[in-house]
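Raw contents of protein22.tsv, TSV, C-alpha atoms (C1' of nucleotides) and all ligand atoms:
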chain	number	residue	atom	x	y	z
A	160	MET	CA	0.00	0.00	0.00
A	161	PHE	CA	2.74	2.46	0.94
A	162	ASP	CA	5.55	0.82	-1.03
A	163	GLN	CA	6.60	4.07	-2.65
A	164	ILE	CA	6.85	5.80	0.72
A	165	ILE	CA	8.87	2.93	2.19
A	166	GLU	CA	11.30	3.01	-0.71
A	167	THR	CA	11.73	6.77	-0.47
A	168	LEU	CA	12.36	6.49	3.27
A	169	HIS	CA	15.08	3.89	2.74
A	170	GLN	CA	16.73	5.98	0.06
A	171	ARG	CA	16.91	8.82	2.58
A	172	GLY	CA	18.36	6.60	5.30
A	173	PHE	CA	15.20	6.27	7.39
A	174	ARG	CA	13.19	3.23	8.43
A	175	MET	CA	9.61	2.13	8.17
A	176	THR	CA	8.03	1.04	11.44
A	177	PRO	CA	4.61	-0.30	12.48
A	178	GLN	CA	3.95	3.03	14.20
A	179	ARG	CA	4.61	5.10	11.09
A	180	LEU	CA	2.64	2.70	8.92
A	181	LEU	CA	-0.31	2.88	11.30
A	182	VAL	CA	-0.39	6.68	11.33
A	183	LEU	CA	-0.28	6.72	7.53
A	184	GLN	CA	-3.07	4.16	7.39
A	185	ILE	CA	-5.24	6.13	9.82
A	186	LEU	CA	-4.83	9.36	7.85
A	187	GLN	CA	-5.42	7.51	4.58
A	188	ASP	CA	-8.65	5.95	5.86
A	189	ALA	CA	-9.92	9.16	7.43
A	190	GLY	CA	-9.50	11.18	4.25
A	191	ARG	CA	-9.82	14.39	6.25
A	192	HIS	CA	-7.96	16.59	8.72
A	193	LEU	CA	-7.28	14.85	12.04
A	194	THR	CA	-5.79	16.23	15.26
A	195	PRO	CA	-2.91	14.45	17.00
A	196	GLN	CA	-5.32	13.50	19.76
A	197	GLU	CA	-7.80	11.93	17.33
A	198	ILE	CA	-4.95	9.98	15.78
A	199	PHE	CA	-3.69	8.84	19.18
A	200	GLY	CA	-7.19	7.68	20.00
A	201	GLN	CA	-7.10	5.43	16.94
A	202	THR	CA	-3.58	4.11	17.47
A	203	GLN	CA	-4.46	3.02	21.01
A	204	ARG	CA	-6.97	0.51	19.68
A	205	ILE	CA	-4.49	-1.11	17.30
A	206	LEU	CA	-1.07	-0.55	18.87
A	207	PRO	CA	-1.81	0.03	22.58
A	208	ALA	CA	1.89	0.24	23.39
A	209	MET	CA	2.35	3.24	21.11
A	210	THR	CA	2.71	6.45	23.14
A	211	GLU	CA	1.55	10.02	22.54
A	212	ALA	CA	5.16	11.13	22.21
A	213	THR	CA	5.57	8.76	19.29
A	214	VAL	CA	2.40	10.05	17.65
A	215	TYR	CA	3.68	13.62	17.78
A	216	ARG	CA	7.16	12.62	16.63
A	217	THR	CA	5.73	10.55	13.80
A	218	LEU	CA	3.49	13.38	12.61
A	219	SER	CA	6.41	15.83	12.58
A	220	PHE	CA	8.59	13.34	10.79
A	221	LEU	CA	6.07	12.41	8.11
A	222	THR	CA	5.34	16.10	7.55
A	223	GLU	CA	9.04	16.92	7.11
A	224	GLN	CA	9.32	14.07	4.62
A	225	GLY	CA	6.34	15.40	2.70
A	226	PHE	CA	4.10	12.34	3.09
A	227	ILE	CA	1.47	14.16	5.12
A	228	LEU	CA	0.36	17.79	5.38
A	229	ALA	CA	-0.08	19.94	8.49
A	230	ALA	CA	-2.39	22.93	8.87
A	231	HIS	CA	-3.21	25.52	11.50
A	232	ILE	CA	-6.97	25.88	11.46
A	233	GLY	CA	-7.61	28.78	13.77
A	234	ASN	CA	-8.23	27.18	17.15
A	235	GLY	CA	-4.47	26.94	17.56
A	236	GLN	CA	-4.39	23.19	17.16
A	237	LEU	CA	-2.54	21.60	14.26
A	238	VAL	CA	-4.35	19.10	12.05
A	239	TYR	CA	-2.90	16.59	9.62
A	240	GLU	CA	-3.97	14.79	6.50
A	241	ILE	CA	-2.43	12.47	3.95
A	242	ALA	CA	-0.62	14.31	1.14
A	243	GLY	CA	-2.01	13.78	-2.31
A	244	HIS	CA	-3.86	16.53	-4.09
A	245	ASN	CA	-2.32	19.96	-3.59
A	246	HIS	CA	-4.77	22.38	-2.06
A	247	HIS	CA	-5.25	25.21	0.40
A	248	HIS	CA	-8.12	26.30	2.65
A	249	LEU	CA	-10.33	29.29	3.23
A	250	ILE	CA	-11.88	29.31	6.71
A	251	CYS	CA	-14.62	31.59	8.01
A	252	ARG	CA	-13.58	33.24	11.28
A	253	ALA	CA	-17.20	33.54	12.36
A	254	CYS	CA	-18.82	30.17	11.62
A	255	GLY	CA	-15.84	27.96	10.76
A	256	ALA	CA	-17.09	27.01	7.31
A	257	THR	CA	-14.25	25.90	5.06
A	258	GLN	CA	-13.64	26.00	1.36
A	259	GLN	CA	-10.88	24.27	-0.57
A	260	ILE	CA	-8.74	26.09	-3.11
A	261	ASP	CA	-6.66	24.33	-5.72
A	262	HIS	CA	-2.94	25.03	-5.52
A	263	GLN	CA	-3.06	26.31	-9.07
A	264	PHE	CA	-4.49	29.61	-7.79
A	265	LEU	CA	-1.29	30.31	-5.87
A	266	GLU	CA	1.20	29.34	-8.52
A	267	SER	CA	1.57	32.75	-10.13
A	268	LEU	CA	1.95	34.28	-6.65
A	269	TYR	CA	4.74	31.84	-5.82
A	270	GLN	CA	6.35	32.69	-9.16
A	271	GLN	CA	6.18	36.38	-8.22
A	272	PHE	CA	7.86	35.59	-4.89
A	273	ARG	CA	10.56	33.77	-6.80
A	274	SER	CA	11.37	36.59	-9.20
A	275	LYS	CA	11.12	39.23	-6.48
A	276	THR	CA	13.12	37.53	-3.69
A	277	GLY	CA	14.68	34.35	-5.08
A	278	TYR	CA	12.75	32.28	-2.55
A	279	GLN	CA	11.36	29.00	-3.93
A	280	ILE	CA	8.14	28.60	-1.93
A	281	ASP	CA	6.81	25.10	-1.27
A	282	SER	CA	3.91	25.72	1.13
A	283	LEU	CA	1.35	23.30	-0.27
A	284	HIS	CA	-1.31	23.64	2.43
A	285	VAL	CA	-1.92	27.25	3.38
A	286	THR	CA	-4.90	28.39	5.44
A	287	PHE	CA	-6.53	31.77	4.83
A	288	PHE	CA	-9.09	33.31	7.19
A	289	GLY	CA	-11.95	35.64	6.51
A	290	LEU	CA	-15.73	35.76	6.31
A	291	CYS	CA	-17.89	33.41	4.28
A	292	PRO	CA	-20.69	34.86	2.15
A	293	ASP	CA	-23.34	34.13	4.80
A	294	CYS	CA	-21.43	35.69	7.69
A	295	GLN	CA	-20.70	38.83	5.69
A	296	LYS	CA	-24.40	39.67	5.80
A	297	ASN	CA	-24.55	39.69	9.60
B	142	MET	CA	-0.11	56.55	23.25
B	143	PHE	CA	-2.83	53.95	22.65
B	144	ASP	CA	-5.80	56.31	22.87
B	145	GLN	CA	-7.28	55.06	19.63
B	146	ILE	CA	-7.12	51.46	20.79
B	147	ILE	CA	-8.71	52.34	24.15
B	148	GLU	CA	-11.55	54.15	22.43
B	149	THR	CA	-12.17	51.27	20.04
B	150	LEU	CA	-12.19	48.81	22.93
B	151	HIS	CA	-14.79	50.85	24.81
B	152	GLN	CA	-16.95	51.14	21.73
B	153	ARG	CA	-16.92	47.34	21.53
B	154	GLY	CA	-17.79	46.93	25.21
B	155	PHE	CA	-14.34	45.88	26.42
B	156	ARG	CA	-12.00	47.46	28.96
B	157	MET	CA	-8.43	48.66	29.00
B	158	THR	CA	-6.29	47.27	31.79
B	159	PRO	CA	-2.69	47.74	32.93
B	160	GLN	CA	-1.97	44.20	31.71
B	161	ARG	CA	-3.24	44.86	28.19
B	162	LEU	CA	-1.50	48.21	28.04
B	163	LEU	CA	1.77	46.62	29.12
B	164	VAL	CA	1.62	43.90	26.46
B	165	LEU	CA	0.91	46.52	23.80
B	166	GLN	CA	3.80	48.63	25.06
B	167	ILE	CA	6.20	45.68	25.03
B	168	LEU	CA	5.28	44.73	21.48
B	169	GLN	CA	5.46	48.35	20.38
B	170	ASP	CA	8.94	48.82	21.86
B	171	ALA	CA	10.24	45.51	20.52
B	172	GLY	CA	9.19	46.25	16.96
B	173	ARG	CA	9.64	42.60	16.05
B	174	HIS	CA	8.06	39.17	16.54
B	175	LEU	CA	8.01	38.05	20.18
B	176	THR	CA	6.98	34.71	21.68
B	177	PRO	CA	4.51	34.57	24.58
B	178	GLN	CA	7.39	33.49	26.81
B	179	GLU	CA	9.53	36.47	25.83
B	180	ILE	CA	6.60	38.74	26.55
B	181	PHE	CA	5.97	37.10	29.91
B	182	GLY	CA	9.64	37.59	30.76
B	183	GLN	CA	9.19	41.32	30.21
B	184	THR	CA	5.89	41.65	32.06
B	185	GLN	CA	7.38	40.01	35.15
B	186	ARG	CA	9.81	42.91	35.58
B	187	ILE	CA	7.08	45.54	35.44
B	188	LEU	CA	3.93	43.81	36.70
B	189	PRO	CA	5.21	40.84	38.74
B	190	ALA	CA	1.67	39.88	39.74
B	191	MET	CA	0.67	39.30	36.12
B	192	THR	CA	0.46	35.59	35.33
B	193	GLU	CA	1.29	33.53	32.25
B	194	ALA	CA	-2.40	32.74	31.79
B	195	THR	CA	-3.14	36.43	31.47
B	196	VAL	CA	-0.34	36.88	28.94
B	197	TYR	CA	-1.82	34.15	26.74
B	198	ARG	CA	-5.35	35.44	27.18
B	199	THR	CA	-4.27	38.99	26.44
B	200	LEU	CA	-2.43	37.96	23.28
B	201	SER	CA	-5.45	36.04	21.99
B	202	PHE	CA	-7.73	38.92	22.83
B	203	LEU	CA	-5.60	41.62	21.21
B	204	THR	CA	-5.21	39.44	18.13
B	205	GLU	CA	-8.97	38.92	17.82
B	206	GLN	CA	-9.47	42.66	18.13
B	207	GLY	CA	-6.91	43.26	15.39
B	208	PHE	CA	-4.45	45.32	17.45
B	209	ILE	CA	-1.66	42.78	17.19
B	210	LEU	CA	-0.74	40.09	14.64
B	211	ALA	CA	0.05	36.42	15.25
B	212	ALA	CA	2.20	34.18	13.08
B	213	HIS	CA	3.25	30.55	12.98
B	214	ILE	CA	6.94	30.54	12.15
B	215	GLY	CA	7.72	26.90	11.59
B	216	ASN	CA	8.97	25.69	14.95
B	217	GLY	CA	5.36	25.37	16.01
B	218	GLN	CA	5.48	28.32	18.33
B	219	LEU	CA	3.29	31.36	17.73
B	220	VAL	CA	4.87	34.81	17.68
B	221	TYR	CA	3.20	38.19	17.96
B	222	GLU	CA	3.88	41.74	16.86
B	223	ILE	CA	2.11	45.07	16.94
B	224	ALA	CA	-0.21	45.59	13.97
B	225	GLY	CA	0.65	48.46	11.71
B	226	HIS	CA	2.00	47.87	8.26
B	227	ASN	CA	0.38	44.98	6.43
B	228	HIS	CA	2.87	42.36	5.45
B	229	HIS	CA	3.54	38.64	5.12
B	230	HIS	CA	6.63	36.48	5.49
B	231	LEU	CA	8.72	34.05	3.48
B	232	ILE	CA	10.78	31.73	5.65
B	233	CYS	CA	13.55	29.37	4.56
B	234	ARG	CA	12.92	25.84	5.85
B	235	ALA	CA	16.64	25.11	5.83
B	236	CYS	CA	18.33	28.14	7.43
B	237	GLY	CA	15.40	30.11	8.84
B	238	ALA	CA	16.17	33.28	6.88
B	239	THR	CA	13.08	35.44	6.52
B	240	GLN	CA	11.89	37.92	3.94
B	241	GLN	CA	8.99	40.34	4.22
B	242	ILE	CA	6.37	40.67	1.50
B	243	ASP	CA	4.04	43.62	1.23
B	244	HIS	CA	0.38	42.75	1.44
B	245	GLN	CA	-0.13	44.32	-1.96
B	246	PHE	CA	1.26	41.15	-3.58
B	247	LEU	CA	-1.65	39.11	-2.22
B	248	GLU	CA	-4.44	41.50	-3.02
B	249	SER	CA	-5.27	40.16	-6.46
B	250	LEU	CA	-5.20	36.62	-5.05
B	251	TYR	CA	-7.69	37.61	-2.34
B	252	GLN	CA	-9.82	39.22	-5.02
B	253	GLN	CA	-9.74	35.94	-6.96
B	254	PHE	CA	-10.85	34.08	-3.82
B	255	ARG	CA	-13.69	36.56	-3.48
B	256	SER	CA	-15.03	36.14	-7.01
B	257	LYS	CA	-14.55	32.39	-6.97
B	258	THR	CA	-15.98	31.53	-3.52
B	259	GLY	CA	-17.53	34.67	-2.05
B	260	TYR	CA	-15.11	34.52	0.88
B	261	GLN	CA	-13.74	37.91	1.97
B	262	ILE	CA	-10.25	37.02	3.17
B	263	ASP	CA	-8.60	39.12	5.87
B	264	SER	CA	-5.42	37.18	6.67
B	265	LEU	CA	-2.95	40.04	6.98
B	266	HIS	CA	0.05	38.10	8.23
B	267	VAL	CA	0.59	34.90	6.29
B	268	THR	CA	3.77	32.83	6.49
B	269	PHE	CA	5.07	30.94	3.44
B	270	PHE	CA	7.85	28.37	3.64
B	271	GLY	CA	10.43	27.35	1.09
B	272	LEU	CA	14.11	27.65	0.29
B	273	CYS	CA	16.08	30.89	0.18
B	274	PRO	CA	18.44	31.49	-2.77
B	275	ASP	CA	21.50	30.33	-0.79
B	276	CYS	CA	19.95	27.09	0.44
B	277	GLN	CA	18.73	26.20	-3.05
B	278	LYS	CA	22.34	25.75	-4.13
B	279	ASN	CA	23.13	23.11	-1.51
C	146	DC	C1'	19.68	-16.63	8.10
C	147	DC	C1'	22.76	-13.93	11.41
C	148	DT	C1'	24.90	-9.81	13.07
C	149	DG	C1'	26.02	-5.04	14.03
C	150	DC	C1'	24.91	-0.43	13.47
C	151	DT	C1'	22.04	3.09	14.67
C	152	DA	C1'	17.32	5.03	13.77
C	153	DT	C1'	13.39	4.81	16.43
C	154	DT	C1'	10.62	3.93	20.40
C	155	DG	C1'	8.83	4.02	25.31
C	156	DC	C1'	9.40	6.12	29.40
C	157	DA	C1'	9.18	9.81	32.47
C	158	DA	C1'	9.91	14.33	33.45
C	159	DG	C1'	9.63	18.83	31.70
C	160	DT	C1'	7.64	22.94	29.21
C	161	DA	C1'	3.80	25.28	26.88
C	162	DG	C1'	-0.78	26.62	26.68
C	163	DT	C1'	-5.91	26.34	28.34
C	164	DT	C1'	-9.83	26.70	31.41
C	165	DA	C1'	-13.36	26.85	35.48
C	166	DC	C1'	-14.22	29.62	39.08
C	167	DA	C1'	-14.16	33.06	42.60
C	168	DA	C1'	-12.07	37.58	43.61
C	169	DT	C1'	-10.96	41.99	41.68
C	170	DA	C1'	-11.27	46.24	39.37
C	171	DA	C1'	-12.60	49.20	35.02
C	172	DT	C1'	-16.30	51.65	33.55
C	173	DG	C1'	-20.74	54.21	33.17
C	174	DA	C1'	-24.43	56.10	35.61
C	175	DA	C1'	-26.25	58.37	39.60
D	283	DT	C1'	-17.47	61.06	44.08
D	284	DT	C1'	-19.84	56.85	45.04
D	285	DC	C1'	-21.94	52.70	43.53
D	286	DA	C1'	-23.44	48.72	40.71
D	287	DT	C1'	-22.44	46.03	36.90
D	288	DT	C1'	-19.78	42.77	34.80
D	289	DA	C1'	-15.36	42.28	32.08
D	290	DT	C1'	-11.03	40.76	33.49
D	291	DT	C1'	-7.63	38.72	36.42
D	292	DG	C1'	-5.15	35.26	39.50
D	293	DT	C1'	-5.22	30.77	41.04
D	294	DA	C1'	-4.68	26.12	40.38
D	295	DA	C1'	-5.69	22.18	37.99
D	296	DC	C1'	-5.72	20.33	33.58
D	297	DT	C1'	-4.51	19.24	28.70
D	298	DA	C1'	-1.21	19.55	24.92
D	299	DC	C1'	3.15	18.98	23.34
D	300	DT	C1'	8.45	18.27	23.80
D	301	DT	C1'	12.77	16.15	25.07
D	302	DG	C1'	16.85	13.37	27.16
D	303	DC	C1'	18.01	8.88	27.73
D	304	DA	C1'	18.31	3.96	27.76
D	305	DA	C1'	16.15	-0.03	25.54
D	306	DT	C1'	14.41	-1.84	21.23
D	307	DA	C1'	14.20	-3.21	16.64
D	308	DG	C1'	14.70	-2.06	11.32
D	309	DC	C1'	17.56	-3.29	7.81
D	310	DA	C1'	22.02	-3.48	5.15
D	311	DG	C1'	25.71	-6.44	4.60
D	312	DG	C1'	27.99	-10.69	5.12
E	401	MN	MN	-6.33	20.18	3.73
E	402	MN	MN	5.45	40.00	10.79
E	403	ZN	ZN	-19.24	31.99	8.13
E	404	ZN	ZN	18.09	29.29	3.63
What would you get if you wrote out this structure as structure tokens?
Ligand SMILES: [Mn+2]
Ligand SMILES: [Mn+2]
Ligand SMILES: [Zn+2]
Ligand SMILES: [Zn+2]
Amino acid sequence: MFDQIIETLHQRGFRMTPQRLLVLQILQDAGRHLTPQEIFGQTQRILPAMTEATVYRTLSFLTEQGFILAAHIGNGQLVYEIAGHNHHHLICRACGATQQIDHQFLESLYQQFRSKTGYQIDSLHVTFFGLCPDCQKN
Amino acid sequence: MFDQIIETLHQRGFRMTPQRLLVLQILQDAGRHLTPQEIFGQTQRILPAMTEATVYRTLSFLTEQGFILAAHIGNGQLVYEIAGHNHHHLICRACGATQQIDHQFLESLYQQFRSKTGYQIDSLHVTFFGLCPDCQKN
DNA sequence: CCTGCTATTGCAAGTAGTTACAATAATGAA
DNA sequence: TTCATTATTGTAACTACTTGCAATAGCAGG
């Protein structure tokens, strides 16, 4: 299932473990943003020996390696999801409604950053806040 | 010094307090991003009775009210600064070098969001990650 | 298969940030 | 000025997240 990820890990000198595989599986199955606590809740049922510290370390690691995506969604807590389709989010400050935005919309911006500063931006999961159409009326 | 902020607070039914004034003063004097812990370090010297809980609550409050700006700068920790000129940041994942970007660069993007989804975006302090020119060579 | 190297984990203690609740104090009205 | 209202604070307990260290276990190589 995650053969490509395992191979990439090995090429980079890292190892695949049951813990990492489980976190990937959980995020894959969920198909949505999950908090570290939600993920820990799931791991406990399947690998009871796995600790919270390992969940956090695994999430940081998989994010660094680019296999999963992290996002700050307002309440301060980080959420994670499996990497796959490149997208960003619009979140309403008032009601929390979210809207996905394809990465394509940011590409010319990133290109501008590049020509202006030389920075090669690779933020593939940015969150923008504002007001949704409904909440603008109130 | 913060007369305008005090008046706005009162109009919205909130109060000015020595604690809030001190946090504003600290951020004003610093003129850069500060962590909650750095701010607490400063408040202790001037208002020793002020607690960490109040620092965190004050920072959240002032951010909600739009008087200060928050930013996630990679290490997971939030940093704050006084609101004033609208800008965003590019941060190098490898060496941490940062670059400011004027908000003007994002305006047409926000306008696109508006026509496409109806969302009125007001994120005035976005952080983008990538590689700076130097780190791209290595 | 074994074996050795060392990346990764569990553990336990530490730091960071949040929250319920009762006491305090900023404000507006008398 | 004085008083009443209630937003805000301090306290203390709680939850979230991090880290140093010794034990464990992937996996590359023989
Ligand atoms: Mn997402
Ligand atoms: Mn800034
Ligand atoms: Zn809304
Ligand atoms: Zn760099």
Expected answer as a ChimeraX atom specification: all residues with atoms within 12 Å of (-8.1, 50.4, 22.3), only C-alpha atoms (C1' of nucleotides):
/B:142-158,161-162,165,202-203,206-209
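Note that atom ZN of ligand ZN 403 (chain E) and atom CA of Asp293 of chain A are 5.7 Å apart.
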Which distance in Å separates atom CA of Ile262 of chain B and atom CA of Ala171 of chain B, to one decimal?
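Between atom CA of Ile262 of chain B and atom CA of Ala171 of chain B the gap works out to 28.2 Å.
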Per residue of chain C within 10 Å of chain B, what are the shortest atom pair and its distance in Å to one decimal, counting all atoms listed in the file, with rows by chain and residue number, as CSV?
residue,atom,partner,partner_atom,distance
C:DA161,C1',B:Gln178,CA,9.0
C:DG162,C1',B:Tyr197,CA,7.6
C:DT163,C1',B:Ala194,CA,8.1
C:DT164,C1',B:Ala194,CA,9.6
C:DA170,C1',B:Thr158,CA,9.1
C:DA171,C1',B:Arg156,CA,6.3
C:DT172,C1',B:Arg156,CA,7.6
Fewer than 2 positions away in the same chain doesn't count, so skip those; otherwise give me all residues within 12 Å of Arg273 of chain A, counting all atoms listed in the file, as JSON, numbers by chain.
{"A": [266, 267, 268, 269, 270, 271, 275, 276, 277, 278, 279, 280, 281], "B": [231, 240, 242, 269, 271, 272, 273, 274, 277]}
Chain A fitted onto chain B, all C-alpha pairs in order, as a tab-separated table (two decimals) with C-alpha atoms, in the frame of the given file:
chain	number	residue	atom	x	y	z
A	160	MET	CA	-0.11	56.54	23.27
A	161	PHE	CA	-2.82	53.95	22.63
A	162	ASP	CA	-5.79	56.31	22.84
A	163	GLN	CA	-7.28	55.06	19.60
A	164	ILE	CA	-7.11	51.46	20.78
A	165	ILE	CA	-8.69	52.35	24.12
A	166	GLU	CA	-11.55	54.16	22.42
A	167	THR	CA	-12.17	51.28	20.03
A	168	LEU	CA	-12.19	48.83	22.93
A	169	HIS	CA	-14.79	50.88	24.80
A	170	GLN	CA	-16.97	51.15	21.72
A	171	ARG	CA	-16.93	47.36	21.53
A	172	GLY	CA	-17.80	46.94	25.20
A	173	PHE	CA	-14.34	45.92	26.40
A	174	ARG	CA	-12.00	47.49	28.94
A	175	MET	CA	-8.44	48.69	28.98
A	176	THR	CA	-6.31	47.29	31.78
A	177	PRO	CA	-2.69	47.74	32.91
A	178	GLN	CA	-1.98	44.21	31.68
A	179	ARG	CA	-3.25	44.86	28.17
A	180	LEU	CA	-1.49	48.21	28.02
A	181	LEU	CA	1.78	46.61	29.10
A	182	VAL	CA	1.62	43.89	26.46
A	183	LEU	CA	0.92	46.51	23.79
A	184	GLN	CA	3.81	48.61	25.05
A	185	ILE	CA	6.20	45.65	25.04
A	186	LEU	CA	5.29	44.70	21.47
A	187	GLN	CA	5.48	48.34	20.38
A	188	ASP	CA	8.96	48.77	21.87
A	189	ALA	CA	10.25	45.46	20.53
A	190	GLY	CA	9.22	46.22	16.96
A	191	ARG	CA	9.64	42.55	16.06
A	192	HIS	CA	8.05	39.14	16.54
A	193	LEU	CA	8.01	38.02	20.18
A	194	THR	CA	6.96	34.69	21.70
A	195	PRO	CA	4.50	34.55	24.60
A	196	GLN	CA	7.36	33.46	26.82
A	197	GLU	CA	9.53	36.44	25.83
A	198	ILE	CA	6.60	38.73	26.55
A	199	PHE	CA	5.96	37.08	29.92
A	200	GLY	CA	9.61	37.56	30.76
A	201	GLN	CA	9.19	41.30	30.21
A	202	THR	CA	5.88	41.64	32.05
A	203	GLN	CA	7.37	40.00	35.15
A	204	ARG	CA	9.79	42.88	35.58
A	205	ILE	CA	7.08	45.54	35.44
A	206	LEU	CA	3.92	43.82	36.67
A	207	PRO	CA	5.19	40.86	38.74
A	208	ALA	CA	1.65	39.91	39.73
A	209	MET	CA	0.66	39.33	36.12
A	210	THR	CA	0.42	35.60	35.35
A	211	GLU	CA	1.24	33.55	32.25
A	212	ALA	CA	-2.44	32.76	31.81
A	213	THR	CA	-3.15	36.46	31.49
A	214	VAL	CA	-0.36	36.89	28.95
A	215	TYR	CA	-1.82	34.17	26.74
A	216	ARG	CA	-5.37	35.47	27.18
A	217	THR	CA	-4.27	39.01	26.43
A	218	LEU	CA	-2.43	37.97	23.27
A	219	SER	CA	-5.46	36.05	21.99
A	220	PHE	CA	-7.73	38.94	22.82
A	221	LEU	CA	-5.61	41.64	21.20
A	222	THR	CA	-5.21	39.44	18.12
A	223	GLU	CA	-8.98	38.93	17.81
A	224	GLN	CA	-9.46	42.68	18.11
A	225	GLY	CA	-6.90	43.27	15.38
A	226	PHE	CA	-4.44	45.32	17.44
A	227	ILE	CA	-1.65	42.78	17.18
A	228	LEU	CA	-0.74	40.08	14.65
A	229	ALA	CA	0.04	36.40	15.26
A	230	ALA	CA	2.19	34.16	13.08
A	231	HIS	CA	3.24	30.53	12.98
A	232	ILE	CA	6.92	30.54	12.12
A	233	GLY	CA	7.73	26.90	11.60
A	234	ASN	CA	8.97	25.72	14.99
A	235	GLY	CA	5.34	25.36	16.02
A	236	GLN	CA	5.43	28.31	18.38
A	237	LEU	CA	3.26	31.35	17.75
A	238	VAL	CA	4.86	34.79	17.67
A	239	TYR	CA	3.21	38.18	17.95
A	240	GLU	CA	3.89	41.72	16.86
A	241	ILE	CA	2.12	45.05	16.94
A	242	ALA	CA	-0.22	45.58	13.97
A	243	GLY	CA	0.65	48.46	11.72
A	244	HIS	CA	2.02	47.86	8.27
A	245	ASN	CA	0.37	44.97	6.46
A	246	HIS	CA	2.87	42.34	5.46
A	247	HIS	CA	3.55	38.63	5.12
A	248	HIS	CA	6.66	36.47	5.49
A	249	LEU	CA	8.74	34.08	3.46
A	250	ILE	CA	10.81	31.73	5.64
A	251	CYS	CA	13.57	29.38	4.53
A	252	ARG	CA	12.95	25.85	5.83
A	253	ALA	CA	16.67	25.12	5.81
A	254	CYS	CA	18.36	28.14	7.40
A	255	GLY	CA	15.43	30.12	8.80
A	256	ALA	CA	16.18	33.29	6.86
A	257	THR	CA	13.10	35.47	6.51
A	258	GLN	CA	11.92	37.94	3.95
A	259	GLN	CA	9.01	40.34	4.23
A	260	ILE	CA	6.39	40.68	1.52
A	261	ASP	CA	4.04	43.62	1.25
A	262	HIS	CA	0.36	42.75	1.47
A	263	GLN	CA	-0.15	44.32	-1.92
A	264	PHE	CA	1.25	41.17	-3.55
A	265	LEU	CA	-1.65	39.12	-2.21
A	266	GLU	CA	-4.46	41.50	-2.99
A	267	SER	CA	-5.29	40.17	-6.44
A	268	LEU	CA	-5.22	36.63	-5.02
A	269	TYR	CA	-7.68	37.60	-2.31
A	270	GLN	CA	-9.84	39.23	-4.99
A	271	GLN	CA	-9.76	35.95	-6.93
A	272	PHE	CA	-10.85	34.08	-3.79
A	273	ARG	CA	-13.70	36.54	-3.44
A	274	SER	CA	-15.04	36.15	-6.96
A	275	LYS	CA	-14.54	32.38	-6.94
A	276	THR	CA	-15.97	31.52	-3.50
A	277	GLY	CA	-17.53	34.65	-2.01
A	278	TYR	CA	-15.10	34.49	0.91
A	279	GLN	CA	-13.74	37.88	2.02
A	280	ILE	CA	-10.23	36.98	3.20
A	281	ASP	CA	-8.59	39.10	5.90
A	282	SER	CA	-5.40	37.17	6.69
A	283	LEU	CA	-2.94	40.03	7.01
A	284	HIS	CA	0.08	38.08	8.25
A	285	VAL	CA	0.60	34.88	6.30
A	286	THR	CA	3.79	32.82	6.48
A	287	PHE	CA	5.09	30.95	3.44
A	288	PHE	CA	7.88	28.37	3.61
A	289	GLY	CA	10.45	27.36	1.07
A	290	LEU	CA	14.14	27.66	0.26
A	291	CYS	CA	16.10	30.90	0.15
A	292	PRO	CA	18.44	31.53	-2.78
A	293	ASP	CA	21.51	30.37	-0.83
A	294	CYS	CA	19.97	27.12	0.39
A	295	GLN	CA	18.75	26.23	-3.09
A	296	LYS	CA	22.36	25.79	-4.17
A	297	ASN	CA	23.10	23.14	-1.55
Skipping near chain neighbours, those fewer than 2 positions away, what residues fall within 12 Å of Gly233 of chain A using all atoms listed in the file, listed as a PyMOL selection string?
(chain A and resi 230-231+235-238+248-257+285-289) or (chain B and resi 201+204-205+211-213+219+264)
Quick one: residues within 8 Å of ligand MN 402 (chain E), with all atoms listed in the file, as a list in words?
Arg173, His174, Leu210, Ala211, Ala212, Tyr221, Glu222, His228, His229, His230, Gln241 and His266 of chain B
Using all atoms listed in the file, which protein or nucleic acid residues come within 10 Å of DC156 of chain C? Drop anything in the same chain fewer than 3 positions from it, and give the result as an NGL selection string.
(:A and (210 or 212)) or (:D and (303-305))
What are the residues of chain D lining chain A at 12 Å or less? Count all atoms listed in the file, and put the answer as a PyMOL selection string.
chain D and resi 297-301+307-310
Proximity to chain A - best of B:Asn227, B:Asn216, B:Thr176, B:Thr184, all atoms listed in the file:
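Of B:Asn227, B:Asn216, B:Thr176, B:Thr184, the one nearest chain A, counting all atoms listed in the file, is B:Asn216.
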First collect every listed atom of segment 154-169 of chain C; then fit an axis-aligned box around them, widen it by 5 Å on each side, and give centre and edge lengths in Å to one decimal, as AutoDock Vina command-line options.
--center_x -1.8 --center_y 23.0 --center_z 32.0 --size_x 34.8 --size_y 48.1 --size_z 33.2
Report, in Å with one decimal, the straight-line distance from atom CA of Asp243 of chain B to atom CA of Gln166 of chain B.
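We find that atom CA of Asp243 of chain B and atom CA of Gln166 of chain B lie 24.4 Å from each other.
Take the candidates A:Ala208, A:Leu186, A:Ile241, A:Ile232 and check each one against chain B using all atoms listed in the file; the shortest distance goes to A:Ile232.
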